[in-house]
Amino acid sequence: GEDVEQSLFLSVREGDSSVINCTYTDSSSTYLYWYKQEPGAGLQLLTYIFSNMDMKQDQRLTVLLNKKDKHLSLRIADTQTGDSAIYFCAETGGSTGRRALTFGSGTRLQVQP
Amino acid sequence: DSGVTQTPKHLITATGQRVTLRCSPRSGDLSVYWYQQSLDQGLQFLIQYYNGEERAKGNILERFSAQQFPDLHSELNLSSLELGDSALYFCASSPRLASIDEQFFGPGTRLTVL
């Protein structure tokens with residue numbers, strides 16, 4: 001079955017870059033996503049990448065996909081205290097065309113001033 | 001504000017009880033997903049409805065059921081509640097069935113079973 005794994009915690013200083021990593025097992029995943037969850041709030045889609053892409057950039061966010069290693073990363077440039085949150089990697093698709101999201105365990109990003 | 005509403009925001013109940021969580025999708029969205037977020041299991045998919053019909057099931061317990069009504073709102077029914085059912089329950093909606101359709105998440109219902 002499909003599985004998505006992430007490290008649990010990352011601490012960076014304000015202004016530095018943050019890199020959050022994710023690995024997944026389903027080689028036929030179609031779309032890979034990054035969601036952000038702030039305390040007491042729902043999940044907000046930050047960005048996604050289609051499986052036939054290697055990289056996607058959206059303002060301060062850069063997503064890198066290594067299909068061979070089934071590794072996805074999210075880089076946040078110039079990290080701000082407002083970026084402190086839990087970041088979830090997720091995927092859909094696969095051989096059965098799953099539309100429901102399979103999430104990783106989430107990475108808590110702490111930004112220190 | 002995603003446009004998805006969930007009620008109630010918080011629910012405290014006792015073991016053995018039954019509760020109903022409600023979700024109103026964004027205007028025009030036909031697909032509704034239910035997810036459970038707990039400390040033990042993380043974020044996991046429970047069930048999906050599209051235009052009133054069940055389309056996919058995830059790790060949903062037999063004690064749990066859901067439905068989507070003609071006005072497209074959805075309800076998740078949890079019965080014979082156990083302590084381990086304490087979690088944050090999210091509803092998400094999307095326009096269609098396509099994998100690429102963004103799922104918009106509601107703020108969640110926090111269920112506490114005592």
# chains A, B, ... in the order shown; residues from 1 in each chain; ligands from 1

$ residues_around --residues "A:Val19" --least-positions-apart "4" --cutoff "7 Å" --atoms "only C-alpha atoms" --output "list in words"
Ser73, Leu74, Arg75 and Ile76 of chain A

$ residues_around --residues "B:Ile12" --least-positions-apart "4" --cutoff "7 Å" --atoms "only C-alpha atoms" --output "VMD selection string"
chain B and resid 111 to 113

$ write_last_selection --atoms "all heavy atoms" --output "compact mmCIF listing (two decimals), in the first residue's frame"
# COMPACT_ATOMS: atom_id res chain seq x y z
N LEU B 111 -13.38 16.30 18.43
CA LEU B 111 -14.19 15.40 19.23
C LEU B 111 -13.37 14.89 20.40
O LEU B 111 -12.26 14.38 20.22
CB LEU B 111 -14.65 14.21 18.38
CG LEU B 111 -15.37 13.09 19.14
CD1 LEU B 111 -16.71 13.59 19.68
CD2 LEU B 111 -15.58 11.86 18.26
N THR B 112 -13.92 15.05 21.59
CA THR B 112 -13.29 14.52 22.79
C THR B 112 -14.24 13.51 23.41
O THR B 112 -15.39 13.85 23.72
CB THR B 112 -12.99 15.64 23.81
OG1 THR B 112 -12.14 16.61 23.19
CG2 THR B 112 -12.29 15.07 25.04
N VAL B 113 -13.76 12.28 23.58
CA VAL B 113 -14.58 11.23 24.19
C VAL B 113 -14.01 10.96 25.58
O VAL B 113 -12.83 10.63 25.72
CB VAL B 113 -14.55 9.95 23.34
CG1 VAL B 113 -15.43 8.89 23.98
CG2 VAL B 113 -15.00 10.23 21.91

$ select_by_dssp --residues "chain A" --states "strand (DSSP E or B)" --output "PyMOL selection string"
chain A and resi 4-6+9-13+18-24+29-37+43-50+55-58+61-66+71-76+85-93+98-103+107-112

$ closest_residue --among "B:Ser74, B:Ser93, B:Ser86, B:Ser79" --to "chain A" --atoms "only C-alpha atoms"
B:Ser93

$ closest_atom_pairs --of "chain B" --to "chain A" --cutoff "7 Å" --atoms "only C-alpha atoms" --output "CSV"
residue,atom,partner,partner_atom,distance
B:Gly42,CA,A:Ser105,CA,5.7
B:Leu43,CA,A:Phe103,CA,6.1
B:Gln44,CA,A:Thr102,CA,6.8
B:Phe45,CA,A:Ala100,CA,6.6
B:Ser99,CA,A:Arg99,CA,4.9
B:Phe105,CA,A:Leu43,CA,5.7
B:Gly106,CA,A:Gly42,CA,5.8
B:Pro107,CA,A:Gly42,CA,4.3
B:Gly108,CA,A:Gly42,CA,6.3

$ atom_distance --atom1 "atom CA of B:Thr15" --atom2 "atom CA of B:Arg63"
12.7 Å

$ residues_around --residues "A:Arg108" --least-positions-apart "2" --cutoff "7 Å" --atoms "only C-alpha atoms" --output "PyMOL selection string"
chain A and resi 8-10+85-87+106+110

$ write_last_selection --atoms "N, CA, C and O atoms" --output "compact mmCIF listing (two decimals), in the first residue's frame"
# COMPACT_ATOMS: atom_id res chain seq x y z
N LEU A 8 9.96 14.61 11.86
CA LEU A 8 8.93 15.20 12.72
C LEU A 8 9.15 16.67 13.03
O LEU A 8 8.19 17.40 13.29
N PHE A 9 10.38 17.13 13.02
CA PHE A 9 10.64 18.46 13.55
C PHE A 9 11.80 19.12 12.82
O PHE A 9 12.78 18.46 12.45
N LEU A 10 11.66 20.43 12.59
CA LEU A 10 12.74 21.22 11.99
C LEU A 10 12.72 22.59 12.64
O LEU A 10 11.67 23.23 12.74
N ALA A 85 4.58 26.26 11.57
CA ALA A 85 3.36 25.48 11.37
C ALA A 85 3.77 24.02 11.21
O ALA A 85 4.95 23.68 11.28
N ILE A 86 2.78 23.17 10.98
CA ILE A 86 3.07 21.78 10.61
C ILE A 86 2.87 21.65 9.12
O ILE A 86 1.85 22.12 8.58
N TYR A 87 3.82 21.04 8.46
CA TYR A 87 3.77 20.86 7.01
C TYR A 87 3.59 19.38 6.69
O TYR A 87 4.34 18.53 7.16
N GLY A 106 3.64 14.64 9.06
CA GLY A 106 3.78 16.07 9.30
C GLY A 106 5.12 16.43 9.91
O GLY A 106 5.66 15.70 10.74
N GLN A 110 9.65 25.10 13.29
CA GLN A 110 9.74 26.17 14.29
C GLN A 110 10.73 27.20 13.78
O GLN A 110 11.88 26.87 13.47

$ closest_residue --among "B:Gly16, B:Tyr35, B:His73, B:Glu102" --to "B:Ile60" --atoms "only C-alpha atoms"
B:Tyr35

$ closest_residue --among "B:Ser80, B:Asp29, B:Ala92, B:Asp40" --to "B:Gly52" --atoms "only C-alpha atoms"
B:Asp29

$ residues_around --residues "A:Leu65" --least-positions-apart "2" --cutoff "10 Å" --atoms "only C-alpha atoms" --output "MDAnalysis selection string"
chainID A and resid 22:23 32 49:56 63 67:74

$ residues_around --residues "B:Leu21" --least-positions-apart "6" --cutoff "8 Å" --atoms "only C-alpha atoms" --output "number ranges by chain"
B: 6-8, 75-77, 109

$ write_last_selection --atoms "C-alpha atoms" --output "mmCIF file, in the first residue's frame"
data_model
loop_
_atom_site.group_PDB
_atom_site.id
_atom_site.type_symbol
_atom_site.label_atom_id
_atom_site.label_comp_id
_atom_site.auth_asym_id
_atom_site.auth_seq_id
_atom_site.Cartn_x
_atom_site.Cartn_y
_atom_site.Cartn_z
ATOM 1 C CA GLN B 6 -18.082 22.255 9.749
ATOM 2 C CA THR B 7 -20.252 22.078 12.839
ATOM 3 C CA PRO B 8 -19.880 21.811 15.686
ATOM 4 C CA GLU B 75 -22.779 14.096 7.824
ATOM 5 C CA LEU B 76 -20.393 11.734 9.558
ATOM 6 C CA ASN B 77 -22.017 9.557 12.194
ATOM 7 C CA THR B 109 -14.538 19.329 14.479
#

$ decode --residues "stretch 7-109 of chain A" --atoms "C-alpha atoms" --output "compact mmCIF listing (two decimals), in the first residue's frame"
# COMPACT_ATOMS: atom_id res chain seq x y z
CA SER A 7 10.81 13.84 9.73
CA LEU A 8 8.93 15.20 12.72
CA PHE A 9 10.64 18.46 13.55
CA LEU A 10 12.74 21.22 11.99
CA SER A 11 14.01 24.37 13.64
CA VAL A 12 15.46 27.27 11.66
CA ARG A 13 16.31 30.91 12.25
CA GLU A 14 14.28 33.68 10.69
CA GLY A 15 15.69 34.59 7.29
CA ASP A 16 17.28 31.19 6.69
CA SER A 17 15.99 28.65 4.19
CA SER A 18 13.99 25.67 5.42
CA VAL A 19 14.01 22.33 3.69
CA ILE A 20 11.35 19.79 4.60
CA ASN A 21 11.75 16.29 3.22
CA CYS A 22 9.32 13.53 2.43
CA THR A 23 9.59 10.02 1.02
CA TYR A 24 6.77 7.99 -0.46
CA THR A 25 6.42 4.39 -1.49
CA ASP A 26 3.89 4.38 -4.33
CA SER A 27 5.93 4.85 -7.50
CA SER A 28 2.75 5.48 -9.48
CA SER A 29 1.66 8.46 -7.38
CA THR A 30 0.29 11.05 -9.73
CA TYR A 31 0.27 14.26 -7.72
CA LEU A 32 2.31 15.20 -4.68
CA TYR A 33 1.27 18.01 -2.40
CA TRP A 34 2.45 20.16 0.44
CA TYR A 35 -0.13 21.30 2.97
CA LYS A 36 0.32 23.71 5.87
CA GLN A 37 -1.56 23.46 9.16
CA GLU A 38 -1.46 26.32 11.62
CA PRO A 39 -2.62 25.84 15.21
CA GLY A 40 -6.40 25.55 15.44
CA ALA A 41 -6.81 25.79 11.69
CA GLY A 42 -7.58 23.45 8.84
CA LEU A 43 -5.20 22.38 6.14
CA GLN A 44 -4.10 24.85 3.51
CA LEU A 45 -2.71 23.69 0.19
CA LEU A 46 0.64 25.38 -0.40
CA THR A 47 1.67 23.83 -3.66
CA TYR A 48 1.60 20.62 -5.63
CA ILE A 49 3.70 18.95 -8.30
CA PHE A 50 2.69 16.56 -11.02
CA SER A 51 4.72 13.38 -11.09
CA ASN A 52 6.25 14.10 -14.49
CA MET A 53 7.89 17.29 -13.20
CA ASP A 54 11.20 17.63 -11.37
CA MET A 55 10.79 21.05 -9.89
CA LYS A 56 8.18 23.69 -9.30
CA GLN A 57 8.76 27.19 -7.96
CA ASP A 58 6.11 29.45 -6.51
CA GLN A 59 7.40 32.65 -4.93
CA ARG A 60 9.32 31.58 -1.80
CA LEU A 61 8.45 27.93 -2.25
CA THR A 62 10.43 25.42 -4.30
CA VAL A 63 9.34 21.82 -4.64
CA LEU A 64 11.83 19.22 -5.84
CA LEU A 65 10.78 15.74 -6.88
CA ASN A 66 13.18 12.83 -7.33
CA LYS A 67 11.04 10.06 -8.76
CA LYS A 68 13.86 7.53 -8.80
CA ASP A 69 14.35 7.86 -5.04
CA LYS A 70 10.67 8.67 -4.37
CA HIS A 71 11.75 11.78 -2.53
CA LEU A 72 9.95 15.09 -2.35
CA SER A 73 11.21 18.25 -0.71
CA LEU A 74 9.83 21.68 0.06
CA ARG A 75 12.22 24.57 0.34
CA ILE A 76 11.00 27.79 1.92
CA ALA A 77 13.28 30.72 1.19
CA ASP A 78 13.70 33.57 3.68
CA THR A 79 11.71 31.75 6.34
CA GLN A 80 9.55 34.00 8.51
CA THR A 81 8.04 33.46 11.96
CA GLY A 82 4.66 33.26 10.24
CA ASP A 83 5.87 30.11 8.51
CA SER A 84 5.89 28.28 11.84
CA ALA A 85 3.36 25.48 11.37
CA ILE A 86 3.07 21.78 10.61
CA TYR A 87 3.77 20.86 7.01
CA PHE A 88 2.25 17.75 5.51
CA CYS A 89 3.40 15.95 2.43
CA ALA A 90 0.57 14.10 0.64
CA GLU A 91 -0.05 12.16 -2.53
CA THR A 92 -2.92 11.01 -4.73
CA GLY A 93 -3.24 8.91 -7.82
CA GLY A 94 -1.39 5.68 -7.90
CA SER A 95 -2.37 2.70 -9.98
CA THR A 96 -6.01 2.90 -8.87
CA GLY A 97 -6.36 6.64 -9.45
CA ARG A 98 -6.93 7.39 -5.80
CA ARG A 99 -8.35 10.84 -5.25
CA ALA A 100 -8.24 10.77 -1.46
CA LEU A 101 -5.06 12.18 0.00
CA THR A 102 -2.51 9.97 1.73
CA PHE A 103 -0.64 12.14 4.21
CA GLY A 104 2.71 11.92 5.89
CA SER A 105 2.99 12.39 9.63
CA GLY A 106 3.78 16.07 9.30
CA THR A 107 6.90 18.11 10.02
CA ARG A 108 6.65 20.78 12.69
CA LEU A 109 8.62 23.82 11.54
